[in-house]
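Data file: coords_15.cif. Format and content: mmCIF, C-alpha atoms.
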data_query
#
loop_
_atom_site.label_atom_id
_atom_site.label_comp_id
_atom_site.auth_asym_id
_atom_site.auth_seq_id
_atom_site.Cartn_x
_atom_site.Cartn_y
_atom_site.Cartn_z
CA MET P 10 42.28 -19.01 86.31
CA ARG P 11 44.54 -18.21 83.39
CA ASP P 12 42.40 -20.31 81.09
CA LYS P 13 39.26 -18.46 82.04
CA THR P 14 37.97 -14.99 81.41
CA THR P 15 35.44 -13.23 83.63
CA ILE P 16 32.91 -10.98 81.93
CA THR P 17 30.93 -8.62 84.16
CA ILE P 18 27.73 -7.02 82.97
CA THR P 19 26.43 -4.12 85.05
CA THR P 20 22.82 -2.98 84.83
CA LEU P 21 20.50 -0.84 87.01
CA ASN P 22 19.52 -3.95 88.89
CA GLY P 23 23.08 -4.82 89.70
CA SER P 24 26.04 -6.61 88.24
CA LYS P 25 26.43 -10.11 86.93
CA SER P 26 29.61 -11.88 86.17
CA PHE P 27 30.17 -14.69 83.66
CA THR P 28 33.19 -16.82 83.41
CA VAL P 29 34.17 -17.83 79.92
CA GLY P 30 36.71 -20.46 79.28
CA GLU P 31 39.62 -19.99 76.85
CA PHE P 32 38.09 -22.42 74.40
CA ALA P 33 34.78 -20.61 74.36
CA LYS P 34 36.55 -17.32 73.99
CA SER P 35 38.53 -18.60 71.01
CA PHE P 36 35.43 -20.09 69.54
CA ALA P 37 33.60 -16.78 69.83
CA VAL P 38 36.48 -14.91 68.24
CA TYR P 39 36.74 -17.34 65.37
CA ALA P 40 32.97 -17.34 64.97
CA LEU P 41 32.99 -13.58 64.80
CA ILE P 42 35.80 -13.62 62.26
CA GLY P 43 33.94 -16.25 60.27
CA LEU P 44 30.75 -14.25 60.40
CA LEU P 45 32.60 -11.16 59.20
CA ALA P 46 34.18 -13.20 56.44
CA VAL P 47 30.78 -14.56 55.41
CA ILE P 48 29.38 -11.03 55.38
CA ILE P 49 32.29 -9.73 53.31
CA ILE P 50 32.15 -12.66 50.89
CA GLY P 51 28.37 -12.31 50.65
CA ALA P 52 28.69 -8.60 49.97
CA LEU P 53 31.32 -9.25 47.29
CA SER P 54 29.20 -12.02 45.80
CA ILE P 55 26.16 -9.75 45.71
CA TYR P 56 28.24 -7.00 44.09
CA PHE P 57 29.54 -9.49 41.52
CA LEU P 58 26.10 -10.91 40.88
CA LEU P 59 24.68 -7.42 40.44
CA GLY P 60 27.36 -6.75 37.84
CA GLU P 61 26.62 -10.03 36.12
CA MET P 62 22.90 -9.26 36.22
CA GLU P 63 23.59 -5.90 34.61
CA ASN P 64 25.65 -7.63 31.91
CA PHE P 65 22.88 -10.19 31.46
CA ASN P 66 20.27 -7.46 31.06
CA ARG P 67 22.52 -5.67 28.58
CA LEU P 68 23.06 -8.88 26.60
CA LYS P 69 19.32 -9.53 26.77
CA GLU P 70 18.61 -6.10 25.27
CA GLN P 71 21.27 -6.69 22.60
CA HIS P 72 19.71 -10.06 21.82
CA LYS P 73 16.29 -8.43 21.54
CA SER P 74 17.74 -5.73 19.28
CA LEU P 75 19.43 -8.37 17.13
CA LEU P 76 16.17 -10.29 16.88
CA MET P 77 14.37 -7.13 15.75
CA THR P 78 17.15 -6.42 13.24
CA SER P 79 16.95 -10.00 12.05
CA GLU P 80 13.19 -9.68 11.58
CA SER P 81 13.72 -6.44 9.68
CA PHE P 82 16.26 -8.13 7.42
CA LYS P 83 13.92 -11.06 6.99
CA GLU P 84 11.06 -8.77 5.99
CA ALA P 85 13.36 -6.84 3.64
CA ILE P 86 14.52 -10.10 2.05
CA GLU P 87 10.93 -11.27 1.67
CA GLU P 88 9.97 -7.93 0.10
CA ASN P 89 12.96 -8.14 -2.27
CA ASN P 90 12.05 -11.70 -3.18
CA ALA P 91 8.46 -10.63 -3.80
CA THR P 92 9.68 -7.72 -5.94
CA ILE P 93 11.99 -10.01 -7.90
CA SER P 94 9.17 -12.52 -8.35
CA GLU P 95 6.78 -9.78 -9.49
CA LEU P 96 9.41 -8.37 -11.84
CA SER P 97 10.06 -11.84 -13.25
CA GLU P 98 6.33 -12.29 -13.87
CA LYS P 99 6.15 -8.91 -15.57
CA ILE P 100 9.17 -9.79 -17.72
CA ALA P 101 7.48 -13.08 -18.60
CA ASP P 102 4.31 -11.16 -19.54
CA ILE P 103 6.34 -8.73 -21.64
CA GLU P 104 8.14 -11.67 -23.23
CA SER P 105 4.80 -13.28 -24.05
CA ILE P 106 3.33 -10.04 -25.42
CA ALA P 107 6.47 -9.11 -27.34
CA GLY P 108 6.90 -12.64 -28.69
CA LEU P 109 10.56 -12.83 -27.67
CA THR P 110 12.16 -16.28 -27.98
CA GLY P 111 15.53 -17.93 -28.40
CA ASP P 112 18.45 -16.06 -26.82
CA PHE P 113 16.02 -13.96 -24.75
CA GLU P 114 15.43 -16.88 -22.36
CA ASN P 115 19.17 -17.20 -21.64
CA ALA P 116 19.84 -13.47 -21.25
CA ASP P 117 20.41 -11.80 -17.90
CA MET P 118 17.71 -9.57 -16.39
CA ALA P 119 19.21 -6.29 -17.65
CA SER P 120 19.45 -7.67 -21.18
CA LYS P 121 15.92 -9.03 -20.98
CA LEU P 122 14.58 -5.64 -19.93
CA ASP P 123 16.45 -3.95 -22.78
CA LEU P 124 15.33 -6.46 -25.41
CA ALA P 125 11.74 -6.41 -24.18
CA ARG P 126 11.71 -2.61 -24.13
CA ILE P 127 12.92 -2.39 -27.73
CA SER P 128 10.56 -5.06 -29.08
CA LEU P 129 7.56 -3.78 -27.11
CA SER P 130 8.30 -0.18 -28.09
CA GLU P 131 8.44 -1.13 -31.77
CA ARG P 132 5.11 -2.90 -31.50
CA MET P 133 3.51 0.07 -29.75
CA LEU P 134 4.95 2.34 -32.44
CA THR P 135 3.39 0.08 -35.09
CA LEU P 136 -0.01 0.27 -33.41
CA ARG P 137 0.23 4.06 -33.33
CA SER P 138 1.31 4.33 -36.97
CA VAL P 139 -1.10 1.82 -38.54
CA PRO P 140 -4.89 1.89 -37.91
CA SER P 141 -5.74 -0.33 -34.94
CA GLY P 142 -8.59 -0.58 -32.45
CA THR P 143 -12.13 0.68 -32.84
CA PRO P 144 -12.64 4.30 -33.98
CA ILE P 145 -15.83 4.60 -31.94
CA GLU P 146 -17.41 3.06 -28.85
CA TYR P 147 -18.23 -0.40 -30.06
CA ARG P 148 -21.96 -1.24 -30.10
CA GLY P 149 -21.91 -3.85 -32.83
CA THR P 150 -22.12 -3.65 -36.61
CA THR P 151 -24.98 -3.10 -39.03
CA SER P 152 -23.11 -4.14 -42.18
CA ASP P 153 -19.81 -5.98 -42.69
CA PHE P 154 -17.05 -5.71 -45.28
CA GLY P 155 -17.73 -7.44 -48.62
CA TRP P 156 -20.55 -8.06 -51.07
CA ARG P 157 -24.01 -7.07 -49.92
CA THR P 158 -27.39 -5.81 -51.06
CA HIS P 159 -27.44 -2.04 -50.80
CA PRO P 160 -29.70 -1.02 -47.86
CA LEU P 161 -31.41 1.73 -49.94
CA ARG P 162 -31.15 0.32 -53.45
CA ARG P 163 -32.14 -3.23 -52.46
CA ALA P 164 -32.30 -4.52 -56.02
CA GLN P 165 -28.64 -3.60 -56.52
CA ARG P 166 -25.81 -5.77 -55.17
CA GLU P 167 -22.48 -4.04 -54.57
CA PHE P 168 -19.20 -4.44 -52.72
CA HIS P 169 -19.15 -2.74 -49.32
CA THR P 170 -15.60 -1.35 -48.91
CA GLY P 171 -15.84 -0.76 -45.17
CA ILE P 172 -17.76 -1.70 -42.07
CA ASP P 173 -20.81 0.05 -40.60
CA LEU P 174 -20.57 0.53 -36.84
CA ARG P 175 -23.76 1.11 -34.89
CA ALA P 176 -23.71 4.55 -33.19
CA ARG P 177 -26.10 7.26 -32.09
CA VAL P 178 -25.88 10.69 -33.67
CA GLY P 179 -23.22 12.72 -31.88
CA THR P 180 -21.06 9.80 -30.72
CA PRO P 181 -17.33 10.76 -30.63
CA VAL P 182 -15.22 9.39 -33.48
CA TYR P 183 -11.50 8.81 -32.82
CA ALA P 184 -8.48 8.72 -35.12
CA ALA P 185 -7.43 5.08 -35.60
CA ALA P 186 -3.72 6.03 -35.82
CA ASP P 187 -1.40 9.02 -35.97
CA GLY P 188 -1.68 10.76 -39.30
CA VAL P 189 -2.57 13.80 -41.40
CA VAL P 190 -6.06 14.87 -42.44
CA LYS P 191 -5.98 14.16 -46.17
CA LEU P 192 -9.56 15.21 -46.92
CA THR P 193 -12.63 16.61 -45.22
CA ARG P 194 -15.96 17.01 -47.00
CA GLN P 195 -19.06 18.78 -45.75
CA ASN P 196 -21.85 17.48 -48.01
CA PRO P 197 -24.66 15.84 -46.06
CA THR P 198 -26.83 14.94 -49.06
CA VAL P 199 -24.70 12.66 -51.26
CA GLY P 200 -22.87 9.35 -50.98
CA TYR P 201 -20.79 9.17 -47.83
CA GLY P 202 -22.21 12.47 -46.63
CA ASN P 203 -19.83 14.34 -44.34
CA LEU P 204 -16.53 12.46 -44.30
CA ILE P 205 -12.88 12.52 -43.22
CA THR P 206 -9.93 10.68 -44.75
CA LEU P 207 -6.71 10.33 -42.74
CA SER P 208 -3.35 9.50 -44.27
CA HIS P 209 -1.12 7.30 -42.09
CA ALA P 210 2.40 5.90 -42.37
CA PHE P 211 3.53 3.12 -44.74
CA GLY P 212 0.71 3.66 -47.27
CA PHE P 213 -2.27 3.23 -44.92
CA GLU P 214 -5.39 5.41 -44.90
CA SER P 215 -8.61 5.41 -42.88
CA LEU P 216 -12.00 6.86 -43.85
CA TYR P 217 -14.90 7.95 -41.63
CA ALA P 218 -18.25 8.69 -43.29
CA HIS P 219 -21.88 9.72 -42.61
CA LEU P 220 -20.58 12.14 -39.95
CA ASP P 221 -22.64 14.74 -38.17
CA ARG P 222 -19.85 17.16 -37.21
CA ILE P 223 -16.24 17.38 -38.40
CA LEU P 224 -13.78 18.72 -35.82
CA VAL P 225 -10.52 18.82 -37.83
CA GLN P 226 -9.28 20.64 -40.90
CA GLN P 227 -7.55 19.34 -43.98
CA GLY P 228 -3.76 19.21 -43.52
CA ALA P 229 -3.90 19.00 -39.73
CA PHE P 230 -1.88 16.37 -37.86
CA VAL P 231 -3.93 14.13 -35.56
CA LYS P 232 -2.88 11.66 -32.88
CA LYS P 233 -4.23 8.18 -32.37
CA GLY P 234 -7.28 8.39 -30.11
CA GLN P 235 -7.94 12.07 -30.84
CA ILE P 236 -11.58 13.01 -31.37
CA ILE P 237 -11.91 14.07 -35.00
CA ALA P 238 -15.70 14.09 -35.50
CA HIS P 239 -19.13 13.08 -34.23
CA SER P 240 -21.06 10.32 -35.91
CA GLY P 241 -24.26 11.07 -37.76
CA ASN P 242 -26.73 10.01 -40.45
CA THR P 243 -25.69 12.09 -43.47
CA GLY P 244 -25.45 10.97 -47.11
CA TYR P 245 -26.98 7.73 -48.37
CA SER P 246 -27.76 6.21 -45.00
CA ASN P 247 -30.77 4.37 -43.64
CA GLY P 248 -29.95 5.14 -39.99
CA PRO P 249 -27.34 6.62 -37.68
CA HIS P 250 -24.00 4.79 -37.90
CA LEU P 251 -20.31 5.25 -38.71
CA HIS P 252 -18.99 3.91 -42.00
CA TYR P 253 -15.31 3.05 -41.38
CA GLU P 254 -12.71 2.00 -43.95
CA VAL P 255 -9.05 0.97 -43.84
CA ARG P 256 -7.03 1.22 -47.06
CA TYR P 257 -3.52 0.15 -48.03
CA LEU P 258 -2.05 1.68 -51.19
CA ASN P 259 -5.62 2.67 -52.13
CA LYS P 260 -6.88 -0.93 -51.76
CA PRO P 261 -9.77 -1.37 -49.30
CA LEU P 262 -9.07 -3.89 -46.52
CA ASP P 263 -11.44 -5.57 -44.09
CA PRO P 264 -11.36 -3.25 -41.04
CA THR P 265 -12.34 -6.10 -38.67
CA ALA P 266 -8.81 -7.47 -38.31
CA PHE P 267 -7.45 -3.97 -37.65
CA MET P 268 -10.19 -3.24 -35.09
CA GLU P 269 -9.20 -6.41 -33.17
CA TRP P 270 -5.48 -5.67 -33.40
CA ASP P 271 -3.66 -4.91 -30.13
CA LEU P 272 -0.56 -6.00 -28.17
CA LYS P 273 -2.15 -9.21 -26.92
CA ASN P 274 -2.93 -10.58 -30.39
CA TYR P 275 -0.28 -8.59 -32.20
CA GLU P 276 0.71 -11.30 -34.68
CA ALA P 277 -2.80 -12.42 -35.59
CA ILE P 278 -3.30 -9.75 -38.25
CA PHE P 279 -0.33 -10.96 -40.31
CA GLY P 280 -2.12 -14.21 -41.06
CA LYS P 281 -5.50 -12.55 -41.61
CA GLU P 282 -4.44 -9.69 -43.87
CA LYS P 283 -1.87 -10.89 -46.41
CA ARG P 284 -2.35 -8.08 -48.92
CA VAL P 285 -0.11 -5.84 -46.83
CA GLN P 286 3.67 -5.99 -47.24
CA TRP P 287 4.33 -6.49 -43.54
CA ASP P 288 8.07 -7.04 -44.02
CA SER P 289 8.34 -3.56 -45.48
CA VAL P 290 6.28 -2.16 -42.62
CA ALA P 291 8.62 -3.91 -40.17
CA LYS P 292 11.67 -2.30 -41.72
CA GLY P 293 10.02 1.11 -41.61
CA ILE P 294 9.08 0.70 -37.94
CA ALA P 295 12.61 -0.48 -37.05
CA TRP P 296 14.08 2.52 -38.87
CA GLN P 297 11.74 4.95 -37.10
CA TRP P 298 12.55 3.42 -33.71
CA THR P 299 16.28 3.68 -34.45
CA LEU P 300 15.91 7.36 -35.32
CA LEU P 301 13.91 8.02 -32.15
CA GLU P 302 16.62 6.34 -30.04
CA GLN P 303 19.35 8.31 -31.78
CA LEU P 304 17.52 11.60 -31.32
CA SER P 305 16.96 10.89 -27.62
CA SER P 306 20.64 10.02 -27.06
CA GLN P 307 21.98 12.55 -29.61
CA ARG P 308 24.16 9.94 -31.28
CA GLU P 309 25.12 9.68 -34.92
CA PRO P 310 22.68 7.59 -37.02
CA LYS P 311 23.46 3.89 -36.92
CA LEU P 312 21.19 1.30 -38.50
CA GLN P 313 19.97 -1.62 -36.45
CA ALA P 314 18.60 -4.90 -37.71
CA PRO P 315 14.81 -4.64 -38.04
CA SER P 316 12.73 -6.79 -35.72
CA LYS P 317 10.62 -9.51 -37.30
CA LEU P 318 6.88 -9.06 -37.40
CA ASN P 319 6.28 -12.80 -37.84
CA ALA P 320 4.33 -12.11 -41.02
CA ASN P 321 3.76 -15.82 -41.61
CA SER P 322 1.95 -16.40 -38.31
CA THR P 323 -1.70 -17.35 -38.22
CA SER P 324 -4.46 -16.87 -35.69
CA THR P 325 -7.76 -18.43 -34.78
CA ASP P 326 -9.18 -15.23 -33.32
CA LYS P 327 -12.67 -14.24 -34.23
#
Just give me the structure of the file as structure tokens.
Amino acid sequence: MRDKTTITITTLNGSKSFTVGEFAKSFAVYALIGLLAVIIIGALSIYFLLGEMENFNRLKEQHKSLLMTSESFKEAIEENNATISELSEKIADIESIAGLTGDFENADMASKLDLARISLSERMLTLRSVPSGTPIEYRGTTSDFGWRTHPLRRAQREFHTGIDLRARVGTPVYAAADGVVKLTRQNPTVGYGNLITLSHAFGFESLYAHLDRILVQQGAFVKKGQIIAHSGNTGYSNGPHLHYEVRYLNKPLDPTAFMEWDLKNYEAIFGKEKRVQWDSVAKGIAWQWTLLEQLSSQREPKLQAPSKLNANSTSTDK
């Protein structure tokens, strides 16, 4: 009986005894130990897996954050590339408008911006100093520059020293460039009727005649685009209009080329109007721009080489 074990189970209905052999007893013990081991290992595995799952979730969140950061960097790079592309296009436009060639194409971006700024600024200064653009809202012309039959004295042929621009009475008249009011005349019954003459830089003048109202006084400084008068029908006139003249050293010039002159066709006028000493004008503009730069930086005066106005260029503009 040493190899057997008796197990007695007592209940309300009585007692029952079971005899378990030594092998079965050992098997049960080892099975119990194995079961406990499985439970412990399972619990440890679950604990380990939970930790790994937590690490996985953390890495997943980091990956998601990195993806979002990557997208942000990608968008920032795309925006920077778009900005650079837009800036390059603008520089190309400035280069085209300013007529920069040669070393400009090989310069770095900072140098390009500086060169373009100087050249473009000089051109804008020229267009402010010399009559350019239309002095009134353009509605067409009634008489061009040159020989014509006088509209009132039809039997008499004479040289028309300006251009007649169609305009209703009271239409605003603007200064064609910065300058000083050289002359105003209030005489609605003779010749040009009420008129204004402006004196501009480099020997240029502009004249506005047959005015209704004059809004400036002799000796006053006016800016380009400032309203100086209202158009009318005074003097020897057969209908409301503005008689407009451009003069250089007292010589009348065809105002048409000056009215069409702007940054986009900047060089066209040099081929159309050859009676102006454009090289001298270029030197004067370069000198003025140098002085403006020196005043803004409070440096001692230092001459710079004047920019070329391409005075020999031609144009096929209208």
*Between atom CA of P:Gly212 and atom CA of P:Arg194, what is the distance, to one decimal in Å?*
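Computing it gives 21.4 Å between the two atoms.
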*Gap from atom CA of P:Val285 to atom CA of P:Lys260 - Å, one decimal*: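 Computing the Euclidean distance for atom CA of P:Val285 and atom CA of P:Lys260 yields 9.7 Å.
For the pair atom CA of P:Tyr257 and atom CA of P:Tyr183, the interatomic distance is 19.2 Å.
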*If you count all atoms listed in the file, which residues fall within 8 Å of P:Ala186, apart from same-chain ones fewer than 4 positions away, as a PyMOL selection string?*
chain P and resi 136-141+209+232-234
_Picked residues, the PyMOL selection byres ((chain P and resi 240) around 8), expected as a PyMOL selection string_ = chain P and resi 176-182+219-222+238-239+241-242+249-251
*Take the PyMOL selection byres ((chain P and resi 254) around 6), apply it to the structure above, and return the hits as a PyMOL selection string.*
chain P and resi 171+215-216+253+255
Where is the centre and how long are the edges: axis-aligned box on stretch 234-249 of chain P, 8 Å on each side, Å to one decimal, as lines of an AutoDock Vina configuration file:
center_x = -19.0
center_y = 9.2
center_z = -39.2
size_x = 39.5
size_y = 25.7
size_z = 34.3
_List the spatial neighbours of stretch 154-157 of chain P as a list in words - criterion: any atom at most 6 Å away, only C-alpha atoms, same-chain residues fewer than 2 positions off excluded._
Arg166, Glu167, Phe168, His169, Thr170, Gly171, Ile172 and Asp263 of chain P
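Considering all atoms listed in the file, the residue among P:Arg132, P:His252, P:Lys69, P:Lys281 positioned nearest to P:Thr150 is P:His252.
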*asked:* Considering all atoms listed in the file, can you say which of P:Leu59, P:Leu75, P:Ile49, P:Ala185 comes closest to P:Ile236?
replied: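 Looking at the shortest contact to P:Ile236, the residue is P:Ala185.
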_P:Gly60, P:Gly228, P:Gly51, P:Gly142 ranked by distance to P:Glu269, top pick (using only C-alpha atoms)_ = P:Gly142
